$ cat work24.cif   # mmCIF, C-alpha atoms and all ligand atoms
data_coords
loop_
_atom_site.label_atom_id
_atom_site.label_comp_id
_atom_site.auth_asym_id
_atom_site.auth_seq_id
_atom_site.Cartn_x
_atom_site.Cartn_y
_atom_site.Cartn_z
CA CYS C 1 -65.62 -153.22 -204.69
CA ILE C 2 -67.72 -150.42 -203.22
CA ALA C 3 -69.48 -148.01 -205.55
CA VAL C 4 -70.36 -144.55 -204.36
CA CYS C 5 -73.28 -142.53 -205.64
CA PRO C 6 -72.79 -138.90 -206.72
CA CYS C 7 -74.03 -137.56 -203.41
CA GLY C 8 -72.09 -140.18 -201.43
CA ALA C 9 -75.18 -141.36 -199.61
CA LEU C 10 -75.52 -144.93 -200.76
CA THR C 11 -73.23 -147.71 -201.82
CA SER C 12 -73.33 -150.77 -204.05
CA ASN C 13 -71.06 -153.78 -204.40
CA SER C 14 -71.09 -153.83 -208.21
CA SER C 15 -67.83 -152.90 -209.96
CA ALA C 16 -69.78 -152.03 -213.14
CA ILE C 17 -71.87 -149.52 -211.18
CA GLU C 18 -68.69 -148.08 -209.65
CA GLU C 19 -67.11 -147.67 -213.09
CA VAL C 20 -70.19 -145.93 -214.46
CA TRP C 21 -70.42 -143.48 -211.54
CA ALA C 22 -66.70 -142.71 -211.98
CA ALA C 23 -67.18 -142.00 -215.69
CA ILE C 24 -70.17 -139.74 -214.99
CA ARG C 25 -68.07 -137.78 -212.48
CA ASP C 26 -65.12 -137.50 -214.89
CA PRO C 27 -65.38 -134.16 -216.75
CA LYS C 28 -63.24 -135.51 -219.60
CA LYS C 29 -65.72 -138.28 -220.44
CA THR C 30 -68.74 -138.09 -222.70
CA VAL C 31 -70.96 -140.80 -221.22
CA VAL C 32 -73.31 -142.53 -223.64
CA CYS C 33 -75.88 -145.23 -222.87
CA GLN C 34 -77.69 -147.76 -225.03
CA ILE C 35 -80.73 -149.67 -223.77
CA ALA C 36 -81.44 -153.20 -224.99
CA PRO C 37 -85.02 -154.23 -225.85
CA ALA C 38 -85.65 -156.71 -223.00
CA PRO C 39 -84.95 -154.43 -219.97
CA ARG C 40 -87.68 -151.97 -221.02
CA ALA C 41 -90.36 -154.59 -220.28
CA ALA C 42 -88.81 -155.66 -216.96
CA LEU C 43 -87.08 -152.78 -215.18
CA GLY C 44 -90.42 -151.38 -213.96
CA GLU C 45 -90.86 -154.57 -211.90
CA GLU C 46 -88.07 -153.26 -209.63
CA PHE C 47 -90.26 -150.24 -208.83
CA GLY C 48 -93.58 -152.07 -208.43
CA LEU C 49 -94.87 -151.15 -211.89
CA GLY C 50 -95.06 -154.71 -213.27
CA SER C 51 -93.92 -155.86 -216.72
CA VAL C 52 -94.86 -152.69 -218.58
CA ASP C 53 -92.94 -150.61 -221.08
CA VAL C 54 -90.82 -148.10 -219.15
CA THR C 55 -88.52 -147.05 -222.01
CA GLY C 56 -89.25 -143.32 -221.61
CA LYS C 57 -88.68 -143.44 -217.85
CA ILE C 58 -85.34 -145.25 -218.25
CA VAL C 59 -84.19 -142.57 -220.70
CA ALA C 60 -85.35 -139.83 -218.30
CA ALA C 61 -83.59 -141.47 -215.34
CA LEU C 62 -80.33 -141.80 -217.28
CA ARG C 63 -80.43 -138.11 -218.21
CA ARG C 64 -81.08 -137.16 -214.57
CA ILE C 65 -78.07 -139.10 -213.30
CA GLY C 66 -75.75 -137.48 -215.82
CA PHE C 67 -75.60 -139.41 -219.08
CA ASN C 68 -74.79 -137.11 -222.00
CA LYS C 69 -76.51 -139.17 -224.71
CA VAL C 70 -79.01 -142.02 -224.62
CA PHE C 71 -79.69 -144.36 -227.54
CA ASP C 72 -81.79 -147.44 -228.21
CA THR C 73 -80.06 -150.77 -228.88
CA ALA C 74 -83.18 -151.58 -230.94
CA PHE C 75 -81.76 -149.12 -233.50
CA ALA C 76 -78.67 -151.34 -233.76
CA ALA C 77 -80.95 -154.39 -233.86
CA ASP C 78 -82.38 -152.96 -237.09
CA MET C 79 -78.82 -152.54 -238.31
CA THR C 80 -78.18 -156.20 -237.44
CA THR C 81 -81.34 -157.26 -239.28
CA VAL C 82 -80.29 -155.45 -242.47
CA GLU C 83 -76.74 -156.85 -242.45
CA GLU C 84 -77.75 -160.37 -241.36
CA SER C 85 -80.68 -160.67 -243.78
CA ASN C 86 -78.48 -159.70 -246.72
CA GLU C 87 -75.85 -162.16 -245.52
CA PHE C 88 -78.58 -164.83 -245.40
CA LEU C 89 -79.82 -163.99 -248.91
CA ALA C 90 -76.24 -164.13 -250.28
CA ARG C 91 -75.71 -167.56 -248.68
CA LEU C 92 -79.01 -168.80 -250.14
CA VAL C 93 -77.93 -167.72 -253.64
CA LYS C 94 -74.53 -169.41 -253.28
CA GLY C 95 -75.87 -172.39 -251.32
CA GLU C 96 -73.02 -171.87 -248.83
CA ASN C 97 -72.77 -172.14 -245.05
CA LEU C 98 -76.40 -173.10 -244.50
CA PRO C 99 -78.18 -173.16 -242.22
CA LEU C 100 -77.27 -169.70 -241.02
CA PHE C 101 -77.18 -169.55 -237.22
CA THR C 102 -77.84 -166.21 -235.53
CA SER C 103 -75.02 -164.67 -233.49
CA CYS C 104 -76.71 -162.05 -231.24
CA CYS C 105 -76.48 -164.15 -228.08
CA PRO C 106 -72.97 -164.33 -226.56
CA GLY C 107 -74.00 -167.34 -224.46
CA TRP C 108 -74.74 -169.28 -227.66
CA VAL C 109 -71.66 -167.97 -229.50
CA LYS C 110 -69.38 -169.08 -226.66
CA TYR C 111 -71.09 -172.49 -226.57
CA ALA C 112 -70.58 -172.91 -230.33
CA GLU C 113 -66.91 -171.89 -230.06
CA GLU C 114 -66.33 -174.45 -227.31
CA PHE C 115 -68.50 -177.38 -228.36
CA HIS C 116 -69.33 -176.95 -232.06
CA PRO C 117 -66.31 -175.52 -233.87
CA GLU C 118 -67.57 -177.32 -237.00
CA LEU C 119 -70.51 -174.86 -237.03
CA LEU C 120 -68.55 -171.62 -236.82
CA ASN C 121 -68.71 -171.02 -240.57
CA ASN C 122 -72.50 -171.23 -240.26
CA LEU C 123 -72.76 -168.49 -237.63
CA SER C 124 -73.72 -165.11 -238.98
CA SER C 125 -70.62 -162.92 -239.00
CA CYS C 126 -72.73 -160.00 -237.71
CA ARG C 127 -71.78 -158.53 -234.35
CA SER C 128 -74.59 -158.47 -231.84
CA PRO C 129 -76.63 -155.24 -231.65
CA GLN C 130 -74.73 -154.26 -228.47
CA GLN C 131 -71.40 -154.56 -230.24
CA MET C 132 -72.60 -152.99 -233.49
CA PHE C 133 -73.74 -149.93 -231.56
CA GLY C 134 -70.51 -149.81 -229.56
CA SER C 135 -68.51 -149.90 -232.78
CA VAL C 136 -70.59 -147.15 -234.41
CA LEU C 137 -70.30 -144.96 -231.31
CA LYS C 138 -66.53 -145.33 -230.89
CA LYS C 139 -65.47 -145.46 -234.56
CA LYS C 140 -67.88 -142.93 -236.10
CA TYR C 141 -70.07 -140.98 -233.69
CA SER C 142 -67.11 -139.94 -231.51
CA LYS C 143 -65.68 -138.19 -234.58
CA ASP C 144 -68.99 -136.35 -235.09
CA LEU C 145 -68.66 -135.09 -231.52
CA GLY C 146 -64.99 -134.20 -232.09
CA ILE C 147 -63.69 -136.45 -229.32
CA ALA C 148 -61.26 -139.37 -229.15
CA PRO C 149 -62.76 -142.87 -228.68
CA GLU C 150 -61.14 -143.16 -225.24
CA ASP C 151 -62.91 -139.96 -224.12
CA MET C 152 -66.29 -141.55 -224.83
CA PHE C 153 -67.55 -143.98 -222.17
CA VAL C 154 -70.18 -146.34 -223.59
CA VAL C 155 -72.55 -148.08 -221.19
CA SER C 156 -75.11 -150.76 -222.11
CA ILE C 157 -78.17 -151.75 -220.12
CA MET C 158 -78.59 -155.42 -220.91
CA PRO C 159 -80.69 -158.34 -219.66
CA CYS C 160 -77.73 -160.61 -218.92
CA THR C 161 -74.23 -160.95 -217.56
CA ALA C 162 -73.07 -162.74 -220.75
CA LYS C 163 -73.08 -159.30 -222.37
CA LYS C 164 -70.36 -158.26 -219.89
CA TYR C 165 -68.22 -161.11 -221.19
CA GLU C 166 -69.02 -160.18 -224.81
CA ALA C 167 -67.99 -156.54 -224.24
CA ARG C 168 -64.53 -157.73 -223.10
CA ARG C 169 -63.82 -159.83 -226.19
CA PRO C 170 -60.56 -158.39 -227.58
CA GLU C 171 -61.91 -158.08 -231.13
CA PHE C 172 -64.42 -155.44 -230.01
CA MET C 173 -62.07 -152.48 -229.57
CA THR C 174 -61.39 -149.16 -231.31
CA GLU C 175 -57.94 -147.57 -231.06
CA GLY C 176 -57.19 -149.42 -227.82
CA SER C 177 -60.54 -148.56 -226.22
CA TYR C 178 -63.36 -151.06 -225.65
CA ASP C 179 -66.37 -150.35 -227.88
CA VAL C 180 -68.58 -150.95 -224.84
CA ASP C 181 -66.89 -149.83 -221.62
CA ALA C 182 -69.39 -151.09 -219.05
CA VAL C 183 -72.46 -153.29 -219.07
CA LEU C 184 -75.18 -152.86 -216.45
CA THR C 185 -77.77 -155.57 -216.06
CA THR C 186 -81.40 -154.49 -215.74
CA VAL C 187 -81.18 -155.01 -211.97
CA GLU C 188 -77.94 -152.99 -211.71
CA ALA C 189 -79.45 -150.10 -213.67
CA ALA C 190 -82.41 -150.05 -211.25
CA ARG C 191 -79.95 -150.08 -208.34
CA MET C 192 -78.15 -147.04 -209.77
CA PHE C 193 -81.44 -145.18 -210.07
CA ARG C 194 -82.20 -145.97 -206.42
CA GLU C 195 -78.70 -144.89 -205.36
CA ALA C 196 -79.29 -141.54 -207.07
CA GLY C 197 -82.61 -141.08 -205.28
CA ILE C 198 -84.65 -141.18 -208.49
CA ILE C 199 -88.40 -141.48 -207.95
CA PHE C 200 -88.73 -143.74 -210.96
CA ASP C 201 -92.51 -144.01 -211.24
CA ALA C 202 -92.88 -140.21 -211.11
CA LEU C 203 -90.56 -139.56 -214.06
CA GLU C 204 -91.90 -137.94 -217.23
CA ASP C 205 -90.96 -139.91 -220.33
CA SER C 206 -87.95 -138.72 -222.29
CA GLU C 207 -86.97 -139.55 -225.90
CA PHE C 208 -83.82 -141.06 -227.32
CA ASP C 209 -81.23 -138.78 -228.87
CA GLN C 210 -80.82 -138.01 -232.51
CA PRO C 211 -79.46 -138.80 -235.06
CA MET C 212 -80.04 -142.51 -234.27
CA GLN C 213 -83.47 -142.02 -232.74
CA GLN C 214 -85.94 -144.09 -234.72
CA THR C 215 -86.96 -147.49 -233.44
CA THR C 216 -88.96 -150.09 -235.34
CA GLY C 217 -91.08 -152.87 -233.89
CA SER C 218 -88.71 -155.26 -235.56
CA GLY C 219 -85.78 -154.00 -233.49
CA VAL C 220 -87.71 -154.27 -230.22
CA LEU C 221 -88.64 -157.91 -230.99
CA PHE C 222 -85.00 -158.89 -230.42
CA GLY C 223 -85.94 -158.89 -226.72
CA THR C 224 -87.83 -162.18 -226.88
CA THR C 225 -87.39 -165.65 -228.36
CA GLY C 226 -88.23 -165.67 -232.06
CA GLY C 227 -87.74 -161.94 -232.45
CA VAL C 228 -84.56 -162.05 -234.50
CA MET C 229 -86.08 -164.61 -236.88
CA GLU C 230 -89.30 -162.58 -237.24
CA SER C 231 -87.24 -159.47 -237.99
CA VAL C 232 -85.28 -161.29 -240.69
CA VAL C 233 -88.51 -162.65 -242.24
CA ARG C 234 -90.06 -159.17 -242.20
CA TYR C 235 -86.99 -157.74 -243.94
CA VAL C 236 -86.63 -160.55 -246.49
CA ALA C 237 -90.36 -160.64 -247.30
CA GLY C 238 -90.40 -156.86 -247.61
CA LYS C 239 -87.41 -156.88 -249.90
CA LEU C 240 -88.27 -159.86 -252.13
CA LEU C 241 -92.02 -159.19 -252.35
CA ASN C 242 -91.87 -155.39 -252.17
CA ALA C 243 -94.28 -155.69 -249.25
CA GLU C 244 -94.85 -152.24 -247.80
CA GLY C 245 -97.35 -153.07 -245.04
CA ARG C 246 -96.99 -155.14 -241.93
CA VAL C 247 -95.52 -158.62 -242.14
CA ASP C 248 -96.28 -160.53 -238.95
CA VAL C 249 -94.94 -164.01 -238.33
CA GLU C 250 -96.82 -166.45 -236.10
CA PHE C 251 -94.66 -169.53 -235.77
CA THR C 252 -91.77 -167.65 -234.12
CA ARG C 253 -93.95 -166.55 -231.18
CA GLY C 254 -94.53 -168.39 -227.93
CA MET C 255 -92.36 -169.94 -225.25
CA GLU C 256 -91.89 -173.47 -226.65
CA ASP C 257 -88.20 -174.30 -226.63
CA THR C 258 -88.19 -175.37 -230.31
CA LYS C 259 -90.29 -173.87 -233.10
CA ILE C 260 -89.88 -174.94 -236.74
CA ALA C 261 -91.87 -173.89 -239.81
CA SER C 262 -91.60 -173.75 -243.58
CA ILE C 263 -92.73 -170.53 -245.19
CA ASN C 264 -93.01 -169.36 -248.77
CA VAL C 265 -91.33 -166.09 -249.65
CA GLY C 266 -92.06 -165.56 -253.32
CA ASP C 267 -90.55 -168.54 -255.16
CA ASN C 268 -88.48 -169.52 -252.15
CA LYS C 269 -89.61 -172.08 -249.61
CA LEU C 270 -87.63 -171.50 -246.45
CA THR C 271 -87.53 -173.80 -243.45
CA LEU C 272 -86.69 -171.86 -240.31
CA ALA C 273 -86.06 -172.88 -236.71
CA VAL C 274 -86.10 -170.97 -233.42
CA VAL C 275 -84.69 -172.47 -230.23
CA ASN C 276 -84.27 -171.10 -226.73
CA GLY C 277 -82.10 -172.86 -224.17
CA LEU C 278 -78.86 -174.62 -225.07
CA ALA C 279 -80.32 -178.11 -224.46
CA ALA C 280 -82.89 -177.42 -227.19
CA ALA C 281 -80.12 -176.05 -229.42
CA GLU C 282 -78.10 -179.21 -228.92
CA GLU C 283 -81.07 -181.43 -229.85
CA LEU C 284 -81.70 -179.38 -232.99
CA ILE C 285 -78.03 -179.50 -234.01
CA LYS C 286 -78.07 -183.32 -233.68
CA LYS C 287 -81.11 -183.52 -236.00
CA ILE C 288 -79.50 -181.21 -238.55
CA GLN C 289 -76.17 -183.04 -238.48
CA SER C 290 -77.80 -186.48 -238.77
CA GLY C 291 -79.74 -185.36 -241.85
CA GLU C 292 -83.09 -185.82 -240.09
CA LEU C 293 -83.86 -182.12 -240.53
CA THR C 294 -82.96 -179.61 -243.23
CA VAL C 295 -83.30 -175.95 -242.32
CA HIS C 296 -82.13 -172.70 -243.87
CA ALA C 297 -81.76 -170.55 -240.76
CA VAL C 298 -81.74 -171.06 -237.00
CA GLU C 299 -82.18 -168.52 -234.20
CA VAL C 300 -80.53 -169.59 -230.96
CA MET C 301 -80.96 -167.82 -227.64
CA ALA C 302 -79.34 -169.36 -224.57
CA CYS C 303 -81.93 -168.24 -222.01
CA PRO C 304 -85.42 -169.67 -221.59
CA GLY C 305 -87.77 -167.36 -223.46
CA GLY C 306 -84.84 -165.45 -224.97
CA CYS C 307 -83.60 -162.17 -223.50
CA VAL C 308 -86.79 -161.49 -221.50
CA GLY C 309 -85.57 -164.38 -219.33
CA GLY C 310 -81.93 -163.26 -219.08
CA GLY C 311 -80.00 -163.74 -215.85
CA GLY C 312 -79.71 -159.97 -215.27
CA GLN C 313 -83.47 -159.41 -215.28
CA PRO C 314 -85.36 -158.81 -212.03
CA PHE C 315 -86.26 -161.68 -209.75
CA GLN C 316 -88.75 -163.33 -210.06
CA ASN C 317 -87.77 -164.64 -213.46
CA ASP C 318 -90.16 -167.58 -213.92
CA GLY C 319 -92.20 -168.72 -216.94
CA GLU C 320 -95.19 -166.56 -216.10
CA ARG C 321 -93.03 -163.45 -215.71
CA ARG C 322 -91.16 -164.17 -218.95
CA GLN C 323 -94.47 -164.48 -220.79
CA ALA C 324 -95.68 -161.17 -219.35
CA ARG C 325 -92.50 -159.44 -220.55
CA ALA C 326 -92.76 -161.03 -224.00
CA ARG C 327 -96.39 -159.89 -224.26
CA GLU C 328 -95.25 -156.33 -223.53
CA ILE C 329 -92.53 -156.58 -226.20
CA TYR C 330 -95.23 -157.54 -228.73
CA ASN C 331 -97.46 -154.71 -227.46
CA ILE C 332 -94.65 -152.24 -228.08
CA ASP C 333 -94.18 -153.67 -231.57
CA ALA C 334 -97.90 -153.37 -232.31
CA LYS C 335 -97.93 -149.71 -231.24
CA LEU C 336 -94.87 -148.59 -233.18
CA VAL C 337 -95.54 -147.03 -236.56
CA LEU C 338 -92.30 -148.32 -238.05
CA HIS C 339 -92.48 -152.07 -238.50
CA LYS C 340 -89.59 -153.49 -240.53
CA ALA C 341 -85.88 -152.69 -240.33
CA GLN C 342 -85.99 -151.13 -243.81
CA ASP C 343 -88.62 -148.63 -242.54
CA ASN C 344 -86.00 -147.01 -240.30
CA GLU C 345 -85.04 -143.81 -242.13
CA ASP C 346 -82.51 -142.76 -239.49
CA LEU C 347 -80.74 -146.05 -240.12
CA ASP C 348 -80.65 -145.45 -243.89
CA LYS C 349 -79.06 -142.06 -243.27
CA ILE C 350 -76.47 -143.54 -240.90
CA PHE C 351 -75.55 -146.33 -243.32
CA GLU C 352 -75.12 -143.74 -246.09
CA LYS C 353 -73.22 -141.21 -243.99
CA TYR C 354 -70.76 -143.59 -242.32
CA TRP C 355 -70.21 -146.32 -244.94
CA GLY C 356 -71.78 -145.14 -248.22
CA GLY C 357 -74.62 -147.68 -247.79
CA CYS C 358 -75.21 -151.03 -246.14
CA CYS C 359 -73.77 -154.50 -246.59
CA ASN C 360 -70.47 -153.50 -248.17
CA HIS C 361 -66.79 -153.98 -247.38
CA GLU C 362 -66.77 -151.03 -244.97
CA THR C 363 -69.76 -152.20 -242.93
CA HIS C 364 -68.22 -155.66 -242.88
CA HIS C 365 -65.12 -154.21 -241.24
CA ASP C 366 -66.97 -152.23 -238.57
CA LEU C 367 -70.11 -154.30 -237.94
CA HIS C 368 -69.06 -157.92 -238.42
CA THR C 369 -66.65 -160.19 -236.57
CA HIS C 370 -64.94 -163.58 -236.65
CA TYR C 371 -65.08 -166.65 -234.43
CA ARG C 372 -62.35 -169.01 -233.30
CA PRO C 373 -62.75 -172.44 -231.77
CA LYS C 374 -61.99 -172.43 -228.06
CA LYS C 375 -61.33 -175.24 -225.69
CA ARG C 376 -61.57 -175.34 -221.94
CA ILE C 377 -58.81 -176.69 -219.72
CA ALA C 378 -59.51 -177.02 -215.99
CA GLY C 379 -62.13 -174.30 -216.12
CA ASN C 380 -59.96 -171.79 -217.98
CA GLU C 381 -60.80 -170.81 -221.51
CA ILE C 382 -57.94 -170.88 -223.99
CA LEU C 383 -57.95 -169.97 -227.63
CA ILE C 384 -56.77 -172.65 -230.03
CA LYS C 385 -53.88 -171.25 -232.05
CA ASP C 386 -54.34 -169.93 -235.60
CA GLY C 387 -54.48 -172.66 -238.18
CA GLU C 388 -56.00 -175.22 -235.82
CA GLY C 389 -59.56 -174.30 -236.58
CA PRO C 390 -61.73 -172.45 -239.05
CA GLU C 391 -62.03 -168.69 -238.87
CA ILE C 392 -64.70 -166.48 -240.30
CA THR C 393 -63.72 -162.92 -241.16
FE1 LIG H 401 -78.04 -162.76 -222.85
FE2 LIG H 401 -79.76 -164.77 -222.50
FE3 LIG H 401 -80.29 -162.83 -224.32
FE4 LIG H 401 -78.36 -164.63 -224.75
S1 LIG H 401 -80.58 -165.05 -224.58
S2 LIG H 401 -78.20 -162.40 -225.07
S3 LIG H 401 -77.52 -164.95 -222.70
S4 LIG H 401 -80.16 -162.60 -222.12
#
$ encode --input "work24.cif" --output "structure tokens" --more "lines below"
Ligand code: SF4
Amino acid sequence: CIAVCPCGALTSNSSAIEEVWAAIRDPKKTVVCQIAPAPRAALGEEFGLGSVDVTGKIVAALRRIGFNKVFDTAFAADMTTVEESNEFLARLVKGENLPLFTSCCPGWVKYAEEFHPELLNNLSSCRSPQQMFGSVLKKKYSKDLGIAPEDMFVVSIMPCTAKKYEARRPEFMTEGSYDVDAVLTTVEAARMFREAGIIFDALEDSEFDQPMQQTTGSGVLFGTTGGVMESVVRYVAGKLLNAEGRVDVEFTRGMEDTKIASINVGDNKLTLAVVNGLAAAEELIKKIQSGELTVHAVEVMACPGGCVGGGGQPFQNDGERRQARAREIYNIDAKLVLHKAQDNEDLDKIFEKYWGGCCNHETHHDLHTHYRPKKRIAGNEILIKDGEGPEIT
């Protein structure tokens, strides 16, 4: 496919880029973008800026090329933390479906559906931040704007191509329209900016749109290995201990492929594991299933280093570069005033306005999902029929 830029001067061979340019040119479409945490520490590499935070420049560039609204997927990461932490606490009380496995990474979810159907009841039922935000935008925010879901075109800037696959899962739709219409990798977003003639390094920073504007450090941490677990610990510690200040977690940080620690949260001793890379996940699963290891929660990210090392990030994507991006993610966290997901007042207001609060039947309908075992035949994925495997709803 050939994509054409608005001025017709340059072309690209990406169908996602072509779809996004077409939506921007379509006067009937309200075009909305969300930016995942990991691209903000990597996209500047495409313009010679190194692995530095370029969030404000990405927002500015998106406005210049014609996006109507720009939001931060880190906002939806806070939403995920609130829903997933409460799910975790409920499972701890009941002693059910432990350990809880995170479900933000579509590479891991697909692997579990294909190779570990016995674990599907252990996966968090939370949608990933990308899909939570897509659902909020299509089901709720479109109504605020007075438009039909199909007249809103939602674009994500993500660190990987697995997010393109996730966006096309049939369960993530609203009234016949995909919750996320197009996914651009970090590299594709940079290509669009070049096609539009944007002088990226000269851009003045721009802010995200209201009313979902606030970002916490916790939400940004989703961009690196250990970040989801640290966010959950911050939330749970804050909630159970009424901790108002910063709660930093050390064991989750670093690029080792497996990190395990036991921590005390009030009267609870929790053993938590973080793995990146599916080989490390497989080893950990074997230890859990053999009884060698007992854990309460596991974060799994398919890519080395987590999303900072995603396949859609700029080349060169080696260990040193991944570490530099992760360092910048932690720098952003350190600078942000808001630290834990429960500090996000915009999020509180959105939970209240759209669902009458968090973690209830209504949020479960819009922000959670279900998994089905899949099997592969000659390279094609097929879904095992209902009744042949467990389903979480
Ligand atoms: Fe995508 Fe890799 Fe992040 Fe998983 S870990 S969401 S595959 S970038």
$ residues_around --input "work24.cif" --residues "Glu175 of chain C" --least-positions-apart "5" --cutoff "10 Å" --atoms "all atoms listed in the file" --output "PDB file with C-alpha atoms, in the coordinates of the input"
ATOM      1  CA  LYS C 138     -66.530-145.330-230.890  1.00  0.00           C
ATOM      2  CA  LYS C 139     -65.470-145.460-234.560  1.00  0.00           C
ATOM      3  CA  ALA C 148     -61.260-139.370-229.150  1.00  0.00           C
ATOM      4  CA  PRO C 149     -62.760-142.870-228.680  1.00  0.00           C
ATOM      5  CA  GLU C 150     -61.140-143.160-225.240  1.00  0.00           C
TER       6      GLU C 150
END
$ axis_aligned_box --input "work24.cif" --around "segment 178-184 of chain C" --padding-each-side "6 Å" --output "lines of an AutoDock Vina configuration file"
center_x = -69.3
center_y = -151.6
center_z = -222.2
size_x = 23.8
size_y = 15.5
size_z = 23.4
$ closest_atom_pairs --input "work24.cif" --of "chain C" --to "ligand LIG 401 (chain H)" --cutoff "10 Å" --atoms "all atoms listed in the file" --output "tab-separated table"
residue	atom	partner	partner_atom	distance
C:Ala36	CA	H:LIG401	FE3	9.7
C:Pro37	CA	H:LIG401	FE3	9.9
C:Ala38	CA	H:LIG401	S4	8.1
C:Pro39	CA	H:LIG401	S4	9.7
C:Ser103	CA	H:LIG401	S2	9.3
C:Cys104	CA	H:LIG401	S2	6.4
C:Cys105	CA	H:LIG401	FE4	3.9
C:Pro106	CA	H:LIG401	FE4	5.7
C:Gly107	CA	H:LIG401	S3	4.6
C:Trp108	CA	H:LIG401	FE4	6.6
C:Val109	CA	H:LIG401	FE4	8.9
C:Lys110	CA	H:LIG401	S3	9.9
C:Ser128	CA	H:LIG401	S2	8.6
C:Pro129	CA	H:LIG401	S2	9.9
C:Gln130	CA	H:LIG401	S2	9.5
C:Met158	CA	H:LIG401	S4	7.4
C:Pro159	CA	H:LIG401	S4	4.9
C:Cys160	CA	H:LIG401	S4	4.5
C:Thr161	CA	H:LIG401	FE1	6.8
C:Ala162	CA	H:LIG401	S3	5.3
C:Lys163	CA	H:LIG401	FE1	6.1
C:Lys164	CA	H:LIG401	FE1	9.4
C:Glu166	CA	H:LIG401	S2	9.4
C:Thr185	CA	H:LIG401	S4	9.6
C:Phe222	CA	H:LIG401	FE3	8.7
C:Gly223	CA	H:LIG401	FE3	7.3
C:Thr224	CA	H:LIG401	FE3	8.0
C:Thr225	CA	H:LIG401	S1	7.8
C:Asn276	CA	H:LIG401	S1	7.4
C:Gly277	CA	H:LIG401	S1	8.0
C:Leu278	CA	H:LIG401	S1	9.7
C:Val300	CA	H:LIG401	S1	7.8
C:Met301	CA	H:LIG401	S1	4.1
C:Ala302	CA	H:LIG401	S1	4.5
C:Cys303	CA	H:LIG401	FE2	4.1
C:Pro304	CA	H:LIG401	S1	7.3
C:Gly305	CA	H:LIG401	S1	7.6
C:Gly306	CA	H:LIG401	S1	4.3
C:Cys307	CA	H:LIG401	FE3	3.5
C:Val308	CA	H:LIG401	S4	6.8
C:Gly309	CA	H:LIG401	S4	6.3
C:Gly310	CA	H:LIG401	S4	3.6
C:Gly311	CA	H:LIG401	S4	6.4
C:Gly312	CA	H:LIG401	S4	7.4
C:Gln313	CA	H:LIG401	S4	8.2
$ atom_distance --input "work24.cif" --atom1 "atom CA of Ile285 of chain C" --atom2 "atom CA of Val298 of chain C"
9.7 Å
$ atom_distance --input "work24.cif" --atom1 "atom CA of Gly227 of chain C" --atom2 "atom CA of Arg127 of chain C"
16.4 Å
$ atom_distance --input "work24.cif" --atom1 "atom CA of Lys239 of chain C" --atom2 "atom CA of Gly357 of chain C"
15.9 Å
$ residues_around --input "work24.cif" --residues "Ser177 of chain C" --least-positions-apart "3" --cutoff "12 Å" --atoms "only C-alpha atoms" --output "short mmCIF file (atom, residue, chain, number, x, y, z; two decimals) with C-alpha atoms, in the coordinates of the input"
data_model
loop_
_atom_site.label_atom_id
_atom_site.label_comp_id
_atom_site.auth_asym_id
_atom_site.auth_seq_id
_atom_site.Cartn_x
_atom_site.Cartn_y
_atom_site.Cartn_z
CA GLY C 134 -70.51 -149.81 -229.56
CA SER C 135 -68.51 -149.90 -232.78
CA LEU C 137 -70.30 -144.96 -231.31
CA LYS C 138 -66.53 -145.33 -230.89
CA LYS C 139 -65.47 -145.46 -234.56
CA ALA C 148 -61.26 -139.37 -229.15
CA PRO C 149 -62.76 -142.87 -228.68
CA GLU C 150 -61.14 -143.16 -225.24
CA ASP C 151 -62.91 -139.96 -224.12
CA MET C 152 -66.29 -141.55 -224.83
CA PHE C 153 -67.55 -143.98 -222.17
CA VAL C 154 -70.18 -146.34 -223.59
CA ALA C 167 -67.99 -156.54 -224.24
CA ARG C 168 -64.53 -157.73 -223.10
CA ARG C 169 -63.82 -159.83 -226.19
CA PRO C 170 -60.56 -158.39 -227.58
CA GLU C 171 -61.91 -158.08 -231.13
CA PHE C 172 -64.42 -155.44 -230.01
CA MET C 173 -62.07 -152.48 -229.57
CA THR C 174 -61.39 -149.16 -231.31
CA VAL C 180 -68.58 -150.95 -224.84
CA ASP C 181 -66.89 -149.83 -221.62
CA ALA C 182 -69.39 -151.09 -219.05
#
$ closest_residue --input "work24.cif" --among "C:Ile332, C:Val31, C:Ile198, C:Cys358" --to "Phe47 of chain C" --atoms "only C-alpha atoms"
C:Ile198
$ residues_around --input "work24.cif" --residues "segment 342-356 of chain C" --least-positions-apart "2" --cutoff "10 Å" --atoms "only C-alpha atoms" --output "PyMOL selection string"
chain C and resi 75-76+78-79+81-82+136+139-141+210-219+234-236+238-239+244+337-340+358-364+366
$ residues_around --input "work24.cif" --residues "Val93 of chain C" --least-positions-apart "6" --cutoff "12 Å" --atoms "only C-alpha atoms" --output "list in words"
Asn86, Glu87, Asn268 and His296 of chain C
$ residues_near_point --input "work24.cif" --point "(-91.5, -171.6, -224.5)" --cutoff "9 Å" --atoms "only C-alpha atoms" --output "compact mmCIF listing (two decimals) with C-alpha atoms, keeping the file's coordinate frame"
# COMPACT_ATOMS: atom_id res chain seq x y z
CA THR C 225 -87.39 -165.65 -228.36
CA ARG C 253 -93.95 -166.55 -231.18
CA GLY C 254 -94.53 -168.39 -227.93
CA MET C 255 -92.36 -169.94 -225.25
CA GLU C 256 -91.89 -173.47 -226.65
CA ASP C 257 -88.20 -174.30 -226.63
CA THR C 258 -88.19 -175.37 -230.31
CA LYS C 259 -90.29 -173.87 -233.10
CA VAL C 275 -84.69 -172.47 -230.23
CA ASN C 276 -84.27 -171.10 -226.73
CA PRO C 304 -85.42 -169.67 -221.59
CA GLY C 305 -87.77 -167.36 -223.46
CA GLY C 319 -92.20 -168.72 -216.94
CA GLN C 323 -94.47 -164.48 -220.79
